[in-house]
Structures are given as C-alpha cells and as structure tokens.
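Below is the file start-v2.pdb, which contains PDB, C-alpha atoms, pLDDT in the B column.
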ATOM      1  CA  MET A   1      86.881 132.535 122.073  1.00 38.00           C
ATOM      2  CA  ALA A   2      89.895 133.949 123.880  1.00 47.00           C
ATOM      3  CA  GLY A   3      92.927 135.016 121.866  1.00 45.00           C
ATOM      4  CA  THR A   4      91.192 135.493 118.530  1.00 47.00           C
ATOM      5  CA  GLY A   5      90.516 139.236 118.471  1.00 51.00           C
ATOM      6  CA  GLY A   6      92.487 142.398 117.954  1.00 56.00           C
ATOM      7  CA  GLY A   7      94.784 141.022 115.258  1.00 68.00           C
ATOM      8  CA  ARG A   8      96.735 138.947 117.767  1.00 74.00           C
ATOM      9  CA  PRO A   9      97.937 135.478 116.787  1.00 78.00           C
ATOM     10  CA  SER A  10      96.413 132.705 118.863  1.00 74.00           C
ATOM     11  CA  VAL A  11      99.057 130.051 118.123  1.00 83.00           C
ATOM     12  CA  PHE A  12     102.755 130.572 118.897  1.00 92.00           C
ATOM     13  CA  PRO A  13     105.406 128.010 117.980  1.00 94.00           C
ATOM     14  CA  THR A  14     107.724 127.888 120.996  1.00 95.00           C
ATOM     15  CA  LEU A  15     111.344 126.757 120.691  1.00 96.00           C
ATOM     16  CA  LEU A  16     114.235 126.306 123.104  1.00 96.00           C
ATOM     17  CA  TYR A  17     117.837 126.832 121.999  1.00 96.00           C
ATOM     18  CA  ALA A  18     121.219 126.023 123.526  1.00 95.00           C
ATOM     19  CA  ASP A  19     122.282 129.476 122.276  1.00 97.00           C
ATOM     20  CA  ALA A  20     119.111 131.551 122.174  1.00 97.00           C
ATOM     21  CA  LYS A  21     121.007 134.792 121.509  1.00 98.00           C
ATOM     22  CA  ALA A  22     122.544 133.300 118.344  1.00 98.00           C
ATOM     23  CA  ALA A  23     119.095 132.051 117.337  1.00 98.00           C
ATOM     24  CA  ILE A  24     117.626 135.542 117.755  1.00 98.00           C
ATOM     25  CA  ARG A  25     120.432 137.007 115.621  1.00 98.00           C
ATOM     26  CA  GLN A  26     119.860 134.466 112.852  1.00 98.00           C
ATOM     27  CA  LEU A  27     116.081 134.766 112.916  1.00 98.00           C
ATOM     28  CA  THR A  28     116.254 138.576 112.697  1.00 98.00           C
ATOM     29  CA  GLU A  29     119.226 138.983 110.343  1.00 98.00           C
ATOM     30  CA  ALA A  30     118.720 136.030 107.973  1.00 98.00           C
ATOM     31  CA  PHE A  31     114.996 135.363 108.191  1.00 97.00           C
ATOM     32  CA  GLY A  32     113.637 138.885 108.715  1.00 97.00           C
ATOM     33  CA  PHE A  33     111.938 138.511 112.098  1.00 97.00           C
ATOM     34  CA  THR A  34     111.638 141.555 114.369  1.00 97.00           C
ATOM     35  CA  GLU A  35     112.305 141.414 118.110  1.00 97.00           C
ATOM     36  CA  LEU A  36     109.157 142.216 120.045  1.00 96.00           C
ATOM     37  CA  SER A  37     110.620 141.420 123.446  1.00 97.00           C
ATOM     38  CA  VAL A  38     113.658 139.697 124.945  1.00 97.00           C
ATOM     39  CA  TYR A  39     113.937 138.999 128.662  1.00 97.00           C
ATOM     40  CA  GLU A  40     117.259 137.843 130.056  1.00 96.00           C
ATOM     41  CA  GLY A  41     118.050 136.153 133.353  1.00 94.00           C
ATOM     42  CA  GLU A  42     120.775 137.328 135.697  1.00 94.00           C
ATOM     43  CA  ASP A  43     123.132 134.838 134.047  1.00 94.00           C
ATOM     44  CA  GLY A  44     122.531 136.417 130.611  1.00 94.00           C
ATOM     45  CA  SER A  45     120.457 133.520 129.277  1.00 94.00           C
ATOM     46  CA  VAL A  46     117.252 134.267 127.387  1.00 97.00           C
ATOM     47  CA  VAL A  47     114.359 133.560 129.740  1.00 95.00           C
ATOM     48  CA  HIS A  48     111.724 134.465 127.123  1.00 96.00           C
ATOM     49  CA  ALA A  49     111.714 136.166 123.726  1.00 97.00           C
ATOM     50  CA  GLU A  50     109.023 136.996 121.208  1.00 97.00           C
ATOM     51  CA  LEU A  51     109.849 137.588 117.556  1.00 97.00           C
ATOM     52  CA  VAL A  52     107.314 138.686 114.955  1.00 96.00           C
ATOM     53  CA  GLN A  53     106.998 138.157 111.223  1.00 94.00           C
ATOM     54  CA  GLY A  54     103.944 139.668 109.557  1.00 90.00           C
ATOM     55  CA  ASN A  55     100.949 138.957 111.799  1.00 89.00           C
ATOM     56  CA  GLY A  56     102.549 135.850 113.338  1.00 91.00           C
ATOM     57  CA  ALA A  57     105.074 135.308 116.077  1.00 94.00           C
ATOM     58  CA  VAL A  58     107.341 132.742 117.702  1.00 96.00           C
ATOM     59  CA  MET A  59     108.414 132.484 121.310  1.00 96.00           C
ATOM     60  CA  LEU A  60     111.821 131.164 122.283  1.00 96.00           C
ATOM     61  CA  GLY A  61     114.197 130.826 125.174  1.00 96.00           C
ATOM     62  CA  SER A  62     117.359 129.175 126.426  1.00 96.00           C
ATOM     63  CA  ARG A  63     117.535 125.445 127.125  1.00 93.00           C
ATOM     64  CA  GLY A  64     118.577 124.315 130.578  1.00 91.00           C
ATOM     65  CA  ARG A  65     116.811 126.949 132.669  1.00 89.00           C
ATOM     66  CA  GLY A  66     114.608 124.402 134.442  1.00 87.00           C
ATOM     67  CA  GLY A  67     110.871 124.475 134.827  1.00 85.00           C
ATOM     68  CA  VAL A  68     108.086 122.355 133.374  1.00 89.00           C
ATOM     69  CA  PHE A  69     108.480 123.407 129.719  1.00 89.00           C
ATOM     70  CA  ASP A  70     112.270 123.026 129.741  1.00 89.00           C
ATOM     71  CA  THR A  71     111.951 119.588 131.344  1.00 90.00           C
ATOM     72  CA  ALA A  72     109.266 118.514 128.865  1.00 90.00           C
ATOM     73  CA  MET A  73     111.416 119.682 125.924  1.00 90.00           C
ATOM     74  CA  LYS A  74     114.570 117.946 127.169  1.00 88.00           C
ATOM     75  CA  GLY A  75     115.914 115.802 124.368  1.00 84.00           C
ATOM     76  CA  ALA A  76     113.235 117.030 121.940  1.00 86.00           C
ATOM     77  CA  GLY A  77     114.270 117.024 118.318  1.00 84.00           C
ATOM     78  CA  PRO A  78     114.050 119.936 115.952  1.00 90.00           C
ATOM     79  CA  ALA A  79     110.712 121.496 115.087  1.00 93.00           C
ATOM     80  CA  GLY A  80     109.316 122.683 111.783  1.00 94.00           C
ATOM     81  CA  VAL A  81     107.731 126.112 111.402  1.00 95.00           C
ATOM     82  CA  TYR A  82     106.012 127.590 108.320  1.00 94.00           C
ATOM     83  CA  VAL A  83     106.077 131.367 107.839  1.00 95.00           C
ATOM     84  CA  VAL A  84     104.111 133.306 105.213  1.00 93.00           C
ATOM     85  CA  VAL A  85     106.153 135.920 103.336  1.00 94.00           C
ATOM     86  CA  ASP A  86     105.201 138.191 100.431  1.00 94.00           C
ATOM     87  CA  ASP A  87     108.347 137.870  98.305  1.00 97.00           C
ATOM     88  CA  VAL A  88     109.857 134.406  98.618  1.00 97.00           C
ATOM     89  CA  ASP A  89     112.776 135.092  96.278  1.00 98.00           C
ATOM     90  CA  ALA A  90     113.864 138.266  98.070  1.00 98.00           C
ATOM     91  CA  HIS A  91     113.482 136.511 101.427  1.00 97.00           C
ATOM     92  CA  HIS A  92     115.606 133.609 100.150  1.00 98.00           C
ATOM     93  CA  ARG A  93     118.319 135.984  98.884  1.00 98.00           C
ATOM     94  CA  ARG A  94     118.489 137.593 102.336  1.00 98.00           C
ATOM     95  CA  ALA A  95     118.806 134.193 104.043  1.00 98.00           C
ATOM     96  CA  VAL A  96     121.549 133.105 101.628  1.00 98.00           C
ATOM     97  CA  ALA A  97     123.430 136.392 102.106  1.00 98.00           C
ATOM     98  CA  GLN A  98     123.404 135.767 105.876  1.00 97.00           C
ATOM     99  CA  GLY A  99     124.747 132.231 105.436  1.00 97.00           C
ATOM    100  CA  ALA A 100     121.598 130.274 106.306  1.00 97.00           C
ATOM    101  CA  GLU A 101     121.597 126.578 105.398  1.00 97.00           C
ATOM    102  CA  ILE A 102     119.134 126.215 102.522  1.00 97.00           C
ATOM    103  CA  LEU A 103     117.501 122.784 102.257  1.00 97.00           C
ATOM    104  CA  ALA A 104     115.331 123.534  99.212  1.00 97.00           C
ATOM    105  CA  PRO A 105     115.529 126.616  96.974  1.00 98.00           C
ATOM    106  CA  PRO A 106     112.441 128.640  96.019  1.00 98.00           C
ATOM    107  CA  ALA A 107     110.041 126.587  93.928  1.00 97.00           C
ATOM    108  CA  ASP A 108     106.436 126.759  92.776  1.00 97.00           C
ATOM    109  CA  GLN A 109     104.268 124.088  94.404  1.00 93.00           C
ATOM    110  CA  ASP A 110     101.270 122.225  92.964  1.00 92.00           C
ATOM    111  CA  TYR A 111      98.995 123.733  95.649  1.00 89.00           C
ATOM    112  CA  GLY A 112      99.748 127.278  94.499  1.00 91.00           C
ATOM    113  CA  SER A 113     102.509 128.332  96.873  1.00 93.00           C
ATOM    114  CA  ARG A 114     106.027 129.433  96.127  1.00 97.00           C
ATOM    115  CA  ASP A 115     108.326 128.480  98.982  1.00 97.00           C
ATOM    116  CA  TYR A 116     111.762 127.449 100.186  1.00 97.00           C
ATOM    117  CA  THR A 117     113.102 125.606 103.206  1.00 97.00           C
ATOM    118  CA  ALA A 118     116.053 126.386 105.496  1.00 97.00           C
ATOM    119  CA  ARG A 119     117.557 124.996 108.691  1.00 96.00           C
ATOM    120  CA  ASP A 120     118.533 127.196 111.630  1.00 97.00           C
ATOM    121  CA  LEU A 121     121.737 126.907 113.654  1.00 96.00           C
ATOM    122  CA  GLU A 122     120.252 124.260 115.973  1.00 95.00           C
ATOM    123  CA  GLY A 123     118.453 122.093 113.426  1.00 95.00           C
ATOM    124  CA  ASN A 124     114.935 123.535 113.358  1.00 96.00           C
ATOM    125  CA  VAL A 125     113.424 123.552 109.871  1.00 96.00           C
ATOM    126  CA  TRP A 126     111.864 126.791 108.650  1.00 97.00           C
ATOM    127  CA  SER A 127     109.722 126.952 105.510  1.00 95.00           C
ATOM    128  CA  PHE A 128     108.927 130.345 104.020  1.00 96.00           C
ATOM    129  CA  GLY A 129     106.238 130.680 101.389  1.00 95.00           C
ATOM    130  CA  THR A 130     103.220 132.414  99.962  1.00 95.00           C
ATOM    131  CA  TYR A 131     100.618 129.841 101.025  1.00 93.00           C
ATOM    132  CA  ALA A 132      98.325 131.447 103.606  1.00 87.00           C
ATOM    133  CA  PRO A 133      95.223 129.359 104.244  1.00 83.00           C
ATOM    134  CA  GLU A 134      92.052 131.003 105.499  1.00 78.00           C
ATOM    135  CA  THR A 135      91.326 129.797 109.023  1.00 74.00           C
ATOM    136  CA  GLY A 136      87.817 131.157 109.347  1.00 69.00           C
ATOM    137  CA  ALA A 137      88.870 133.268 112.324  1.00 60.00           C
TER     138      ALA A 137
END

Show me, as structure tokens, the structure contained in the file I just sent.
Amino acid sequence: MAGTGGGRPSVFPTLLYADAKAAIRQLTEAFGFTELSVYEGEDGSVVHAELVQGNGAVMLGSRGRGGVFDTAMKGAGPAGVYVVVDDVDAHHRRAVAQGAEILAPPADQDYGSRDYTARDLEGNVWSFGTYAPETGA
C-alpha cells in the first residue's frame, strides 16, 4: 500500500488559517512542533506548510487563496487533532508558558492515557496525550 513505508505518516490533518504565520508560531512555540517546510506566495501568505511532531505531521496554509481545497473548507468549523507526546505535564507547562488556551488540564484517563486539551488561536482543538494505539501498519 502506498504511503506506509519508510517511517512516513500516511495521514495528515490539514488545516487552513486566516493567519497561518501566527498559527505556525503558536504550534512551534507553544505546542512543540518543528517546521519541516513553509512555502509562501508572492503576497506573503502561506501557500503550504508542514509541521512535524514525533513521527506525525500536519499540513496547513492560509485561507482565501482559492482553489478546490480552500473552496471546500470555506466556512468550515474548527477541527480536532490528537498528538502523542512523551511527557504530557512538561508539554502542558510549555503551552501554558506560551499563553495557550487550556480547555482541560493534564489528567489520567480510564483508557490508560494521560492527556490535556488546548485551543489554538483560530479555534482548532488540540489534544496531547500518551495514548498511541497500534495501527497494524
């Protein structure tokens, strides 16, 4: 099956932001993502960006650039993304120090995870926790 080898993720949450540059700053500074690539248009908007966390990644860009995806996402509400992290409490402290809106503090869950939930600058909900299900891939 294509996209399952070489340690590459095969599923990428993809988000559009009114201010993609601010989103990239928050995701890297508060939530610990690393920029893999950022491509800007002539107008300075983010055409496409890829940010990594562990062995996963998200793609994002600026709203209002046109095209099929932008048109399909017009008026779309916020999305929810779950990210596996090793140390939930340290990750939470970093997010708090950077001023992230915390919706639920770190807590142990009945299914064995420890996690917390935050909201980004444009309303997307990010959960960070230790639960990492085996996918069989």

A:Val84, A:Ala100, A:Val11, A:Ala132 ranked by distance to Ala23 in chain A, top pick (using only C-alpha atoms):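 Answer, going by the shortest atom-to-atom distance: A:Ala100.
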
If we draw a sphere of 6 Å around (111.7, 127.7, 101.3), which residues have at least one atom in it when counting all atoms listed in the file? Please report them as a PyMOL selection string. chain A and resi 104-106+115-117+127-128

With all atoms listed in the file as the basis for distance, which of A:Gly80, A:Gly75, A:Gly64, A:Gly32 is at the shortest distance from Asn124 in chain A? A:Gly80

Residue with smallest distance to Asp86 in chain A - pool A:Val58, A:Ala118, A:Thr130, A:Ser113, counting only C-alpha atoms: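 Closest to Asp86 in chain A of all the choices is A:Thr130.
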
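Put simply, CA of Val81 in chain A is 7.2 Å away from CA of Pro13 in chain A.
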
Can you work out the spacing between CA of Gly77 in chain A and CA of Gly129 in chain A in Å, to one decimal?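 Between CA of Gly77 in chain A and CA of Gly129 in chain A the gap is 23.2 Å.
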
Interatomic distance (Å, one decimal) between CA of Val47 in chain A and CA of Asp70 in chain A: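 Computed distance, CA of Val47 in chain A to CA of Asp70 in chain A, equals 10.7 Å.
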
As a check of understanding, name the residues that the PyMOL selection byres ((chain A and resi 52) around 7) selects in the supplied structure, as a PyMOL selection string. chain A and resi 33-36+50-51+53-54+56-58

Contacts of Leu60 in chain A at 7 Å (all atoms listed in the file; same-chain gap of 3+ positions) as a list in words: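 Neighbouring residues, sequence-local ones excluded: Thr14, Leu15, Leu16, His48, Ala49 and Glu50 of chain A.
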
File dump, residues just selected, C-alpha atoms, as a compact mmCIF listing (two decimals), keeping the file's coordinate frame:
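And here's again11.txt as it stands now:
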# COMPACT_ATOMS: atom_id res chain seq x y z
CA THR A 14 107.72 127.89 121.00
CA LEU A 15 111.34 126.76 120.69
CA LEU A 16 114.24 126.31 123.10
CA HIS A 48 111.72 134.46 127.12
CA ALA A 49 111.71 136.17 123.73
CA GLU A 50 109.02 137.00 121.21

Using only C-alpha atoms, which residue out of A:Gln26, A:Arg65, A:Ala20, A:Asn55 lies closest to Glu42 in chain A?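 The shortest atom-to-atom distance to Glu42 in chain A comes from A:Arg65.
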
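Nearest residue to His91 in chain A, choosing from A:Leu121, A:Arg8, A:Ile24, A:Glu29 and counting all atoms listed in the file: A:Glu29.
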
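Using only C-alpha atoms, the smallest distance between any of A:Tyr82, A:Trp126, A:Phe31, A:Phe12 and Leu103 in chain A comes from A:Trp126.
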
Take every atom of range 98-114 of chain A listed in the file, fit an axis-aligned box around them, add 3 Å per side, and give the centre and edge lengths in Å to one decimal as AutoDock Vina command-line options.
--center_x 111.9 --center_y 129.0 --center_z 99.5 --size_x 31.8 --size_y 19.5 --size_z 19.5
